[in-house]
Structures are given as structure tokens and as C-alpha cells.
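run25.txt (compact mmCIF, C-alpha atoms)
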# COMPACT_ATOMS: atom_id res chain seq x y z
CA MET A 1378 -49.60 76.32 13.97
CA VAL A 1379 -48.09 75.62 10.53
CA ILE A 1380 -44.47 76.57 9.91
CA LYS A 1381 -42.62 76.59 6.59
CA PHE A 1382 -38.92 75.91 7.02
CA GLN A 1383 -36.38 77.55 4.76
CA ASN A 1384 -34.91 74.48 3.08
CA ASN A 1385 -38.14 72.50 3.00
CA ASP A 1386 -41.16 73.68 1.04
CA LYS A 1387 -43.49 71.22 2.77
CA PRO A 1388 -45.20 72.97 5.71
CA VAL A 1389 -44.71 71.33 9.11
CA ARG A 1390 -47.71 71.15 11.48
CA ILE A 1391 -46.70 71.88 15.05
CA THR A 1392 -49.12 70.59 17.67
CA GLY A 1393 -46.94 70.78 20.77
CA ALA A 1394 -43.44 70.99 22.18
CA LYS A 1395 -42.56 67.52 20.84
CA ASP A 1396 -42.77 68.79 17.26
CA MET A 1397 -40.47 71.77 17.82
CA PRO A 1398 -36.94 71.39 16.45
CA PRO A 1399 -34.18 71.29 19.09
CA MET A 1400 -32.20 73.89 17.13
CA PRO A 1401 -33.41 76.95 15.18
CA ALA A 1402 -34.82 75.82 11.80
CA ALA A 1403 -31.79 77.30 10.05
CA LEU A 1404 -29.49 80.18 10.83
CA GLY A 1405 -30.85 83.28 9.14
CA SER A 1406 -34.27 81.65 8.61
CA MET A 1407 -36.20 84.91 9.22
CA ARG A 1408 -35.55 85.44 5.51
CA GLN A 1409 -38.93 83.76 4.90
CA ASN A 1410 -40.60 86.75 6.59
CA LYS A 1411 -41.15 89.12 3.66
CA THR A 1412 -41.16 92.54 5.37
CA GLY A 1413 -41.79 94.34 2.08
CA SER A 1414 -45.49 94.33 2.94
CA TRP A 1415 -44.82 96.89 5.73
CA ARG A 1416 -43.91 99.53 3.16
CA ASN A 1417 -46.17 102.42 2.18
CA VAL A 1418 -43.67 104.38 0.07
CA ARG A 1419 -41.38 102.73 -2.45
CA PRO A 1420 -37.85 104.11 -2.98
CA VAL A 1421 -36.70 104.02 -6.62
CA ILE A 1422 -33.09 104.45 -7.76
CA ASP A 1423 -32.47 106.62 -10.83
CA TYR A 1424 -29.44 104.89 -12.35
CA ASP A 1425 -28.64 107.87 -14.64
CA LYS A 1426 -27.82 109.99 -11.59
CA CYS A 1427 -26.18 107.19 -9.55
CA ILE A 1428 -22.43 107.68 -8.99
CA LYS A 1429 -21.95 104.25 -7.37
CA CYS A 1430 -20.83 105.62 -3.99
CA PHE A 1431 -22.82 102.85 -2.19
CA ILE A 1432 -23.85 105.18 0.64
CA CYS A 1433 -27.41 103.79 0.32
CA TRP A 1434 -26.04 100.24 0.66
CA LYS A 1435 -23.97 101.31 3.66
CA PHE A 1436 -26.89 102.82 5.59
CA CYS A 1437 -29.65 100.28 4.84
CA PRO A 1438 -30.70 98.76 8.19
CA GLU A 1439 -32.38 95.70 6.63
CA PRO A 1440 -30.08 95.14 4.58
CA ALA A 1441 -32.42 95.32 1.56
CA ILE A 1442 -29.97 96.97 -0.84
CA LYS A 1443 -27.71 94.48 -2.60
CA ILE A 1444 -24.74 95.04 -4.86
CA VAL A 1445 -25.42 93.41 -8.25
CA ASP A 1446 -22.91 93.97 -11.07
CA GLU A 1447 -21.38 96.94 -9.20
CA LEU A 1448 -24.75 98.69 -8.90
CA PRO A 1449 -26.99 99.09 -5.83
CA VAL A 1450 -30.27 97.20 -6.31
CA ILE A 1451 -33.21 97.45 -3.90
CA ASP A 1452 -34.77 94.14 -2.89
CA TYR A 1453 -38.49 95.02 -2.65
CA ASP A 1454 -39.25 91.74 -0.88
CA TYR A 1455 -37.64 93.16 2.26
CA CYS A 1456 -37.48 96.97 1.91
CA LYS A 1457 -39.59 98.49 4.71
CA GLY A 1458 -39.60 101.94 3.10
CA CYS A 1459 -37.83 103.96 5.81
CA LEU A 1460 -36.29 106.18 3.09
CA MET A 1461 -32.95 106.53 4.90
CA CYS A 1462 -31.29 105.80 1.52
CA ALA A 1463 -33.21 108.64 -0.18
CA GLU A 1464 -32.26 111.05 2.62
CA GLU A 1465 -28.55 110.18 2.58
CA CYS A 1466 -28.04 109.96 -1.22
CA PRO A 1467 -25.56 112.76 -2.10
CA LYS A 1468 -26.90 113.10 -5.69
CA ASP A 1469 -30.63 112.80 -4.86
CA ALA A 1470 -30.75 109.79 -7.17
CA ILE A 1471 -33.29 107.97 -5.00
CA GLY A 1472 -36.84 109.18 -5.32
CA PHE A 1473 -39.98 107.61 -3.94
CA GLU A 1474 -43.52 106.88 -5.05
CA LYS A 1475 -46.63 105.93 -3.09
CA GLU A 1476 -47.17 102.20 -2.90
CA GLY A 1477 -50.15 101.13 -5.01
CA LYS A 1478 -52.50 98.23 -4.51
CA MET B 1487 -15.97 99.74 -6.67
CA ARG B 1488 -14.60 101.15 -3.41
CA LEU B 1489 -16.41 100.17 -0.24
CA THR B 1490 -15.48 101.69 3.11
CA ILE B 1491 -16.88 98.84 5.23
CA PRO B 1492 -16.68 95.03 4.70
CA GLU B 1493 -19.01 93.76 1.96
CA HIS B 1494 -20.23 90.39 3.24
CA GLU B 1495 -23.50 90.27 5.20
CA ILE B 1496 -24.07 88.00 8.18
CA MET B 1497 -27.34 89.55 9.31
CA THR B 1498 -30.22 88.58 7.01
CA PRO B 1499 -33.17 90.74 5.93
CA GLY B 1500 -36.65 89.88 7.14
CA HIS B 1501 -36.06 90.76 10.80
CA LEU B 1502 -38.69 92.50 12.92
CA ALA B 1503 -37.08 95.90 13.58
CA CYS B 1504 -39.10 99.09 13.07
CA GLN B 1505 -38.50 101.11 9.93
CA GLY B 1506 -35.27 103.10 10.24
CA CYS B 1507 -33.99 101.23 13.32
CA GLY B 1508 -30.53 102.30 14.49
CA GLY B 1509 -30.05 99.15 16.56
CA SER B 1510 -30.40 96.75 13.63
CA LEU B 1511 -27.97 98.90 11.63
CA GLY B 1512 -25.46 98.62 14.51
CA MET B 1513 -25.77 94.82 14.58
CA ARG B 1514 -25.22 94.69 10.83
CA TYR B 1515 -21.90 96.57 11.16
CA ALA B 1516 -20.80 94.58 14.23
CA LEU B 1517 -21.33 91.20 12.52
CA LYS B 1518 -19.65 92.44 9.33
CA VAL B 1519 -16.45 93.06 11.27
CA PHE B 1520 -16.58 90.15 13.73
CA GLY B 1521 -17.37 87.57 11.03
CA LYS B 1522 -18.95 84.13 11.29
CA ASN B 1523 -16.75 82.91 14.14
CA THR B 1524 -18.86 84.74 16.71
CA MET B 1525 -21.42 83.99 19.40
CA LEU B 1526 -23.97 86.47 20.71
CA SER B 1527 -25.49 86.86 24.14
CA ILE B 1528 -28.62 89.01 24.11
CA PRO B 1529 -30.71 89.96 27.16
CA ALA B 1530 -34.25 91.32 27.05
CA CYS B 1531 -33.98 94.32 24.76
CA CYS B 1532 -35.24 95.31 21.31
CA TRP B 1533 -32.96 92.73 19.75
CA ALA B 1534 -34.69 89.91 21.64
CA VAL B 1535 -37.70 90.74 19.45
CA ILE B 1536 -35.93 91.79 16.25
CA ASP B 1537 -34.28 88.38 15.98
CA GLY B 1538 -37.66 86.67 15.50
CA PRO B 1539 -39.78 84.06 17.28
CA PHE B 1540 -38.23 80.76 18.36
CA PRO B 1541 -37.51 78.41 15.48
CA TYR B 1542 -36.40 81.37 13.39
CA THR B 1543 -33.39 83.62 13.68
CA SER B 1544 -32.21 86.55 11.60
CA VAL B 1545 -28.47 86.34 12.26
CA ASN B 1546 -26.19 83.71 10.76
CA VAL B 1547 -24.35 83.11 14.05
CA PRO B 1548 -25.38 81.32 17.27
CA LEU B 1549 -27.43 83.60 19.49
CA PHE B 1550 -28.25 83.08 23.15
CA HIS B 1551 -31.25 84.83 24.74
CA THR B 1552 -30.59 85.49 28.42
CA ALA B 1553 -32.39 87.08 31.36
CA PHE B 1554 -32.38 90.87 31.58
CA GLU B 1555 -29.53 91.35 34.05
CA THR B 1556 -27.16 88.64 32.79
CA ALA B 1557 -25.88 89.66 29.34
CA ALA B 1558 -22.26 90.12 30.45
CA ILE B 1559 -22.12 87.15 32.81
CA MET B 1560 -23.63 84.83 30.18
CA ALA B 1561 -21.05 85.99 27.64
CA SER B 1562 -18.31 85.27 30.21
CA GLY B 1563 -19.76 81.79 30.71
CA ILE B 1564 -19.94 81.09 26.98
CA LYS B 1565 -16.33 82.24 26.59
CA ALA B 1566 -15.19 80.03 29.49
CA GLY B 1567 -16.98 77.05 27.93
CA LEU B 1568 -15.36 77.70 24.56
CA MET B 1569 -11.93 77.99 26.19
CA VAL B 1570 -12.39 74.56 27.79
CA GLN B 1571 -13.25 73.14 24.37
CA GLY B 1572 -10.11 74.75 22.94
CA LYS B 1573 -12.01 77.20 20.71
CA ASP B 1574 -10.00 80.22 21.85
CA THR B 1575 -10.47 82.20 18.64
CA THR B 1576 -14.28 82.43 18.81
CA ASN B 1577 -15.42 85.97 19.59
CA VAL B 1578 -18.14 86.39 22.15
CA ILE B 1579 -20.27 89.52 22.03
CA ALA B 1580 -22.71 90.65 24.69
CA TRP B 1581 -25.20 92.84 22.84
CA ALA B 1582 -27.52 94.75 25.15
CA GLY B 1583 -29.73 97.81 25.15
CA ASP B 1584 -29.31 100.72 27.51
CA GLY B 1585 -31.76 99.31 30.07
CA GLY B 1586 -29.84 96.03 30.33
CA THR B 1587 -26.58 97.92 30.74
CA PHE B 1588 -27.12 101.23 32.54
CA ASP B 1589 -29.73 100.02 35.05
CA ILE B 1590 -30.45 96.33 35.28
CA GLY B 1591 -27.27 94.73 33.97
CA LEU B 1592 -24.89 97.05 35.81
CA GLN B 1593 -23.74 94.55 38.44
CA ALA B 1594 -23.06 91.80 35.86
CA ILE B 1595 -21.11 94.06 33.54
CA SER B 1596 -19.11 95.49 36.47
CA GLY B 1597 -18.23 91.97 37.62
CA ALA B 1598 -17.18 90.84 34.13
CA ALA B 1599 -15.09 93.99 33.70
CA GLU B 1600 -13.39 93.50 37.07
CA ARG B 1601 -12.46 89.90 36.15
CA ASN B 1602 -11.31 91.18 32.75
CA ASP B 1603 -13.07 88.36 30.86
CA ASP B 1604 -12.22 88.20 27.18
CA ILE B 1605 -15.54 89.40 25.76
CA THR B 1606 -16.81 92.43 23.82
CA TYR B 1607 -19.74 94.26 25.37
CA ILE B 1608 -21.65 96.48 22.97
CA VAL B 1609 -24.49 98.63 24.26
CA TYR B 1610 -26.76 100.09 21.60
CA ASP B 1611 -28.16 103.11 23.34
CA ASN B 1612 -31.60 104.33 22.27
CA GLU B 1613 -32.03 106.30 25.49
CA ALA B 1614 -35.11 104.58 27.01
CA TYR B 1615 -36.79 101.17 27.38
CA MET B 1616 -38.11 101.30 23.81
CA ASN B 1617 -39.17 97.67 23.51
CA THR B 1618 -41.63 97.76 26.41
CA GLY B 1619 -43.17 101.11 25.52
CA ILE B 1620 -40.70 103.99 25.94
CA GLN B 1621 -40.16 104.08 29.71
CA ARG B 1622 -37.39 106.29 31.11
CA SER B 1623 -34.01 104.68 31.78
CA SER B 1624 -30.90 106.19 33.31
CA ALA B 1625 -29.64 106.76 29.76
CA THR B 1626 -32.51 109.15 28.99
CA PRO B 1627 -31.13 112.68 28.55
CA HIS B 1628 -32.28 115.77 30.42
CA GLY B 1629 -35.59 117.20 29.20
CA ALA B 1630 -36.75 114.17 27.24
CA TRP B 1631 -40.35 113.01 27.09
CA THR B 1632 -41.05 109.33 27.79
CA THR B 1633 -44.26 107.59 28.86
CA THR B 1634 -43.10 107.60 32.50
CA THR B 1635 -41.75 111.16 32.33
CA PRO B 1636 -44.63 112.94 30.57
CA VAL B 1637 -44.38 116.51 29.34
CA LYS B 1638 -45.34 118.17 32.65
CA HIS B 1639 -42.78 116.11 34.56
CA TYR B 1640 -40.08 115.62 31.96
CA LYS B 1641 -36.83 114.04 33.07
CA LYS B 1642 -34.69 116.39 35.14
CA GLY B 1643 -31.12 115.34 35.55
CA PRO B 1644 -28.44 114.20 33.14
CA LYS B 1645 -27.70 110.88 31.48
CA LYS B 1646 -25.50 108.42 33.35
CA ASN B 1647 -21.91 108.54 32.07
CA MET B 1648 -21.45 104.80 31.46
CA VAL B 1649 -18.18 105.19 29.54
CA GLU B 1650 -16.52 106.82 32.55
CA ILE B 1651 -17.84 104.08 34.84
CA MET B 1652 -16.34 101.41 32.56
CA ALA B 1653 -13.06 103.34 32.18
CA ALA B 1654 -12.80 103.42 35.99
CA HIS B 1655 -12.58 99.60 35.88
CA ARG B 1656 -9.31 100.09 33.94
CA ILE B 1657 -10.44 97.73 31.16
CA PRO B 1658 -8.19 97.51 28.04
CA TYR B 1659 -10.56 99.19 25.61
CA THR B 1660 -13.53 101.51 25.96
CA ALA B 1661 -15.02 103.56 23.13
CA THR B 1662 -18.06 105.50 22.01
CA ALA B 1663 -19.46 105.16 18.48
CA SER B 1664 -22.41 106.33 16.42
CA VAL B 1665 -24.29 104.51 13.64
CA GLY B 1666 -23.91 107.70 11.57
CA TYR B 1667 -20.18 107.05 11.24
CA PRO B 1668 -19.87 103.36 10.28
CA GLU B 1669 -16.22 103.61 9.20
CA ASP B 1670 -15.27 104.89 12.64
CA PHE B 1671 -17.42 102.23 14.31
CA CYS B 1672 -15.89 99.45 12.18
CA LYS B 1673 -12.38 100.63 13.05
CA LYS B 1674 -13.25 100.47 16.75
CA LEU B 1675 -14.79 97.01 16.35
CA GLU B 1676 -11.63 95.85 14.60
CA LYS B 1677 -9.57 97.17 17.54
CA ALA B 1678 -11.89 95.48 20.03
CA LYS B 1679 -11.64 92.21 18.10
CA ASN B 1680 -7.84 92.29 18.28
CA THR B 1681 -7.61 93.28 21.96
CA LYS B 1682 -7.51 90.70 24.75
CA GLY B 1683 -9.62 91.36 27.79
CA PHE B 1684 -12.91 93.15 28.42
CA LYS B 1685 -13.94 95.61 25.71
CA PHE B 1686 -16.82 98.05 26.06
CA LEU B 1687 -18.40 99.94 23.17
CA HIS B 1688 -21.12 102.51 23.63
CA LEU B 1689 -23.10 102.90 20.39
CA LEU B 1690 -25.68 105.64 19.89
CA ALA B 1691 -28.60 104.12 17.96
CA PRO B 1692 -31.43 106.59 17.21
CA CYS B 1693 -34.93 105.16 17.58
CA PRO B 1694 -37.68 106.68 15.35
CA THR B 1695 -40.45 105.18 17.50
CA GLY B 1696 -39.29 106.46 20.85
CA TRP B 1697 -37.65 109.70 19.80
CA LYS B 1698 -40.68 110.59 17.67
CA TYR B 1699 -39.09 111.54 14.38
CA ASP B 1700 -39.49 110.54 10.72
CA PRO B 1701 -37.55 107.26 10.14
CA ARG B 1702 -35.64 108.84 7.27
CA TYR B 1703 -33.62 111.06 9.68
CA THR B 1704 -31.90 108.24 11.61
CA ILE B 1705 -28.46 108.81 10.09
CA LYS B 1706 -28.86 112.58 10.15
CA LEU B 1707 -29.57 112.52 13.92
CA ALA B 1708 -26.74 110.05 14.59
CA LYS B 1709 -24.40 112.48 12.83
CA LEU B 1710 -25.86 115.61 14.47
CA ALA B 1711 -25.37 114.07 17.93
CA VAL B 1712 -21.64 113.97 17.23
CA GLN B 1713 -21.47 117.34 15.47
CA THR B 1714 -23.20 119.11 18.39
CA ASN B 1715 -20.80 117.50 20.92
CA TYR B 1716 -23.81 115.84 22.55
CA PHE B 1717 -22.16 112.46 21.93
CA PRO B 1718 -18.43 112.95 21.26
CA LEU B 1719 -16.60 110.02 19.68
CA TYR B 1720 -13.51 108.94 21.58
CA GLU B 1721 -11.75 105.88 22.86
CA ILE B 1722 -10.02 105.12 26.16
CA ILE B 1723 -7.12 102.67 26.28
CA ASP B 1724 -6.44 100.99 29.64
CA GLY B 1725 -8.83 103.40 31.30
CA ILE B 1726 -6.41 106.35 31.21
CA HIS B 1727 -5.33 107.25 27.66
CA TYR B 1728 -8.12 109.27 26.04
CA LYS B 1729 -8.12 109.82 22.29
CA GLN B 1730 -10.71 111.64 20.20
CA THR B 1731 -11.44 109.76 16.97
CA MET B 1732 -13.81 112.27 15.36
CA LYS B 1733 -12.74 115.89 15.74
CA VAL B 1734 -15.50 118.49 15.44
CA LYS B 1735 -14.15 121.76 14.07
CA GLU B 1736 -17.15 123.95 14.78
CA ARG B 1737 -19.82 122.51 16.99
CA LYS B 1738 -23.39 123.04 15.84
CA PRO B 1739 -25.97 124.42 18.33
CA ILE B 1740 -27.93 121.68 20.12
CA LYS B 1741 -31.16 123.24 18.82
CA GLU B 1742 -30.51 121.63 15.42
CA TYR B 1743 -30.40 118.19 17.03
CA LEU B 1744 -33.49 118.77 19.17
CA LYS B 1745 -35.77 120.23 16.48
CA TYR B 1746 -36.17 116.91 14.62
CA GLN B 1747 -37.31 115.02 17.71
CA GLY B 1748 -40.85 115.03 19.07
CA ARG B 1749 -39.65 114.03 22.53
CA PHE B 1750 -38.01 117.47 23.00
CA LYS B 1751 -40.86 119.47 21.45
CA HIS B 1752 -42.05 120.87 24.79
CA LEU B 1753 -38.71 122.46 25.74
CA HIS B 1754 -38.73 126.28 26.03
CA GLU B 1755 -35.92 128.61 24.99
CA ASP B 1756 -34.31 128.77 28.47
CA GLU B 1757 -34.45 124.98 28.85
CA VAL B 1758 -32.69 124.55 25.50
CA GLN B 1759 -30.05 127.02 26.72
CA PHE B 1760 -29.66 124.97 29.90
CA PHE B 1761 -29.17 121.85 27.73
CA GLN B 1762 -26.56 123.70 25.65
CA ASP B 1763 -24.64 124.89 28.73
CA PHE B 1764 -24.71 121.38 30.16
CA ILE B 1765 -23.27 119.88 26.96
CA ASP B 1766 -20.55 122.54 26.72
CA GLU B 1767 -19.60 121.93 30.35
CA ASN B 1768 -19.50 118.17 29.82
CA TYR B 1769 -17.37 118.53 26.72
CA GLY B 1770 -15.03 120.91 28.58
CA ILE B 1771 -14.45 118.23 31.22
CA LEU B 1772 -13.77 115.64 28.50
CA ARG B 1773 -11.37 117.99 26.68
CA THR B 1774 -9.08 118.27 29.69
CA LYS B 1775 -8.65 114.48 29.57
CA LEU B 1776 -8.08 114.16 25.81
CA GLU B 1777 -4.49 113.76 24.69
Would you mind writing the file's structure down as C-alpha cells?
Amino acid sequence: MVIKFQNNDKPVRITGAKDMPPMPAALGSMRQNKTGSWRNVRPVIDYDKCIKCFICWKFCPEPAIKIVDELPVIDYDYCKGCLMCAEECPKDAIGFEKEGK
Amino acid sequence: MRLTIPEHEIMTPGHLACQGCGGSLGMRYALKVFGKNTMLSIPACCWAVIDGPFPYTSVNVPLFHTAFETAAIMASGIKAGLMVQGKDTTNVIAWAGDGGTFDIGLQAISGAAERNDDITYIVYDNEAYMNTGIQRSSATPHGAWTTTTPVKHYKKGPKKNMVEIMAAHRIPYTATASVGYPEDFCKKLEKAKNTKGFKFLHLLAPCPTGWKYDPRYTIKLAKLAVQTNYFPLYEIIDGIHYKQTMKVKERKPIKEYLKYQGRFKHLHEDEVQFFQDFIDENYGILRTKLE
């Protein structure tokens, strides 16, 4: 089993219990698990309609919506495509398209 | 920019929850309010999986996996250990599903409540054992389909009223919350954080996998549960003072809540009416206690 730790790009080969770290690799280290590959529809924010209410940010269970320069931005590395943001948007500013290849 | 809930994130993306999970949303809010000075005790439940396999973790705070029935007692132990070390300000949260609270963890939570240990117990209620394959629990509502209560023999009998059981222990703070109303939930978490003694929060967390609905309706269902009086939001101080935190002006018919969910698809008109009467009766009992 080969594990890549968050702060160390060199993969570590784990052959038994003796190679396991005594503590979790790093707090919040599941970040290396890019869940964006689970998605089959891709939500897209239309910034012309956005009123910056941040309801999409509030209801994202990942959280895959970040606030960058006072605007909600979807992080497609982690978005699983549940479309809760599109459903809750009061201005229908979040549409979705089918995920391509 | 006006945000209604705290901005900083302690939970990280990349966790293993299903799409549209209400439980992961609940954890996100809870950690936002409780901050980094927190320790978690998690029994076997969905969150034991969501957090990730061993060397990895998806929360930025220490997390302790415990046996199924010991979430509350482990949190008590962690708190006692921290007290000995002089770390009195560290918050300890027991975070359990409805199986680990309503059925299996009941004796541990009752003991911790009776001793009035200074911990916060949050149950995220998805109304069945979702992690192991949707088996019925005592939190499953009347009429619901699960794999152990199939359509022909759907569950007959109501959901256990856990909030009343905890209020009967006369603990300092008991409340119900829904992921559809995060501001209300955050306010209750803030109150729980600033109260000494045993705090119990009952959080309704819709589950797209087990309730059989499109993941996009999670928030809609969490809101409808409150608006139909199926899951009224209130808090109980010292086990006697009831206060409603979310007043519903005109309750919506329960049909609107049921129609989105595949697990209630088999219910006939008269069974829906029975459900409606049951909810109205339950809410009537609660209303006599509200101040």
C-alpha cells in the first residue's frame, strides 16, 4: 500500500503496522482525496445574476464553495455535484451542465 | 459582505460523505461555532466512515473513534482527563447518529446526563441505520420503508421522543435543530458552548440515500420538516422551561414533506391522514408546554 502524505510529496510504502504513523498523517489530510471525480453534473455560477447572498456557500456540505474576493467560487476538485446550491439559489444564478469526458 | 454564520472552516473537503449529506453539513456548522479548541468522540455511525480511513482525517480537530454504545461515556472520560491536565476550556463533543443514541448508546448517554458531565452531545438524526444499509432504528418514523421494514410490513408505531427523555434528566440545555436553519442551529450551539453541564442537541439531518430522494432537496426537506410541524424547533432549559425558537405561522400539510421521499411512496390516503393526525396531536401536546 502506497500512501502520499499531505506535506510530503514522496510516497511512503507501508508494508505493515510498523510503518504506520502513530498519529494521523496531518489533521485535515483527507484533502488529498479529490472527490470531484464523483460528479456527473457540474454546477456553474452565473456571476451576472449573483447577488452575493452566500446562501450557496452556507449550504454546501463539502464545503466546496469558497469565498474569493467577496464572490462565491466553486472548487471543482471537491464538488460532488449534489446541486443543493442550485436548488437553494434565490436568483437561479446557478445552472448545471452534464460532465464531459 | 454579510454572513449569517461564522466564516472560518474547520472541516476540510475531500471527506467520504454521500452527495447532499445532511450529517456532514451539521458537522461543518458545529465545528464553525465550537472552533479549534474542541475534541470529538464518534461512535460507529456514518461519521466513522465520512472521516476517512486511518492515517487520514477530514476534521482539523482531534477525533476519537469509540465503540457503538460509548459515545457519551468516552466524551465524559476525555473531559475528565482534560480537567486533570488543567485544560478546562477545551470543548468536548460527542457526535453520534440516531442508532448510537436512541437504541444502543441510550444507557451511556443517560448515565452521562445523570452525572451532569460537562460535554455537548449532538445526535444527527437520519432516522435509520444508514451506514450499515438502512435498517430500522427507534428514530424511524411511522410508515417509513427501510430494508428491515419492507413495504408490506412498514414500520408501525411512532418515533421515540428522545428530547423528552433527555429533558426528564433535568439537564441544563436540550434543543432540537434542523440543518435547513443554520442560523438557528448556530445560535443553539453558541448557547450550548457557553452552558456548563450536559447539553443535548437533536439535529435533523436528511439522508438522500436512505430516504430515497434527489440529493438536491436536502435543505428543502430539512425546512419542510419544520414547516409541517413534523420536527418543531424548540429548546428546553433545565428540563422545564420550554421555548419555541422557530414559530410556524401556518403549518403546511405533511403530504408536501412525504411526496419527495421514496421511503413513503407506498402510503395510501388514509395512512397519510393518520400521519397528519398523529403530528397534530404531538404538536398539541408540545404547545401546552411552550411558554
**Request:** Return as a VMD selection string the residues belonging to chain B that are within 8 Å of chain A, counting all atoms listed in the file.
**Result:** chain B and resid 1487 to 1489 1491 1497 to 1502 1505 to 1508 1510 to 1511 1514 1537 to 1538 1540 to 1548 1701 to 1706
Dump of C-alpha atoms for the selected residues, as a PDB file, in the frame of the given file:
ATOM      1  CA  MET B1487     -15.970  99.740  -6.670  1.00  0.00           C
ATOM      2  CA  ARG B1488     -14.600 101.150  -3.410  1.00  0.00           C
ATOM      3  CA  LEU B1489     -16.410 100.170  -0.240  1.00  0.00           C
ATOM      4  CA  ILE B1491     -16.880  98.840   5.230  1.00  0.00           C
ATOM      5  CA  MET B1497     -27.340  89.550   9.310  1.00  0.00           C
ATOM      6  CA  THR B1498     -30.220  88.580   7.010  1.00  0.00           C
ATOM      7  CA  PRO B1499     -33.170  90.740   5.930  1.00  0.00           C
ATOM      8  CA  GLY B1500     -36.650  89.880   7.140  1.00  0.00           C
ATOM      9  CA  HIS B1501     -36.060  90.760  10.800  1.00  0.00           C
ATOM     10  CA  LEU B1502     -38.690  92.500  12.920  1.00  0.00           C
ATOM     11  CA  GLN B1505     -38.500 101.110   9.930  1.00  0.00           C
ATOM     12  CA  GLY B1506     -35.270 103.100  10.240  1.00  0.00           C
ATOM     13  CA  CYS B1507     -33.990 101.230  13.320  1.00  0.00           C
ATOM     14  CA  GLY B1508     -30.530 102.300  14.490  1.00  0.00           C
ATOM     15  CA  SER B1510     -30.400  96.750  13.630  1.00  0.00           C
ATOM     16  CA  LEU B1511     -27.970  98.900  11.630  1.00  0.00           C
ATOM     17  CA  ARG B1514     -25.220  94.690  10.830  1.00  0.00           C
ATOM     18  CA  ASP B1537     -34.280  88.380  15.980  1.00  0.00           C
ATOM     19  CA  GLY B1538     -37.660  86.670  15.500  1.00  0.00           C
ATOM     20  CA  PHE B1540     -38.230  80.760  18.360  1.00  0.00           C
ATOM     21  CA  PRO B1541     -37.510  78.410  15.480  1.00  0.00           C
ATOM     22  CA  TYR B1542     -36.400  81.370  13.390  1.00  0.00           C
ATOM     23  CA  THR B1543     -33.390  83.620  13.680  1.00  0.00           C
ATOM     24  CA  SER B1544     -32.210  86.550  11.600  1.00  0.00           C
ATOM     25  CA  VAL B1545     -28.470  86.340  12.260  1.00  0.00           C
ATOM     26  CA  ASN B1546     -26.190  83.710  10.760  1.00  0.00           C
ATOM     27  CA  VAL B1547     -24.350  83.110  14.050  1.00  0.00           C
ATOM     28  CA  PRO B1548     -25.380  81.320  17.270  1.00  0.00           C
ATOM     29  CA  PRO B1701     -37.550 107.260  10.140  1.00  0.00           C
ATOM     30  CA  ARG B1702     -35.640 108.840   7.270  1.00  0.00           C
ATOM     31  CA  TYR B1703     -33.620 111.060   9.680  1.00  0.00           C
ATOM     32  CA  THR B1704     -31.900 108.240  11.610  1.00  0.00           C
ATOM     33  CA  ILE B1705     -28.460 108.810  10.090  1.00  0.00           C
ATOM     34  CA  LYS B1706     -28.860 112.580  10.150  1.00  0.00           C
TER      35      LYS B1706
END
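Neighbours of Asp1756 (chain B) closer than or equal to 12 Å, with only C-alpha atoms counted and sequence neighbours fewer than 5 positions away skipped, come out as Gly1629, Lys1741, Phe1761, Gln1762 and Asp1763 of chain B.
Counting from CA of Ile1605 (chain B), the distance to CA of Leu1568 (chain B) is 11.8 Å.
Every protein, DNA or RNA residue with an atom at most 8 Å from Val1421 (chain A), where all atoms listed in the file count and chain neighbours fewer than 3 positions away do not, is listed here: A:Ile1451, A:Ile1471, A:Gly1472, A:Phe1473, A:Glu1474.
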**Request:** Would you kindly return, as a ChimeraX atom specification, each protein, DNA or RNA residue with an atom no farther than 10 Å from any atom of Ala1661 (chain B), considering only C-alpha atoms and excluding same-chain residues fewer than 3 positions away?
**Result:** /B:1608,1649,1652-1653,1671,1674-1675,1678,1685-1689,1719-1723,1728-1731
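Across A:Tyr1424, A:Asp1446, A:Val1418, A:Tyr1453, the tightest approach to Gly1477 (chain A) is made by A:Val1418 when counting all atoms listed in the file.
Among the candidates B:Ala1530, B:Ala1516, B:Ile1595, B:Ala1582, the one nearest to Ala1558 (chain B) when counting all atoms listed in the file is B:Ile1595.
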Using the file's own x, y and z axes, what box holds all listed atoms of region 1620-1628 of chain B with 4 Å on each side, keeping edges along x, y and z, and what are its centre and edge lengths in Å to one decimal, as JSON?
{"center_x": -35.2, "center_y": 109.9, "center_z": 29.6, "size_x": 19.1, "size_y": 19.8, "size_z": 15.4}
**Item:** Close residues, Gln1621 (chain B) itself excluded, 6 Å, only C-alpha atoms, min 6 positions apart in chain, as a PyMOL selection string
**Value:** chain B and resi 1614-1615+1632-1634
**One-decimal distance in Å that lies between CA of Lys1679 (chain B) and CA of Gly1572 (chain B)** = 18.2 Å
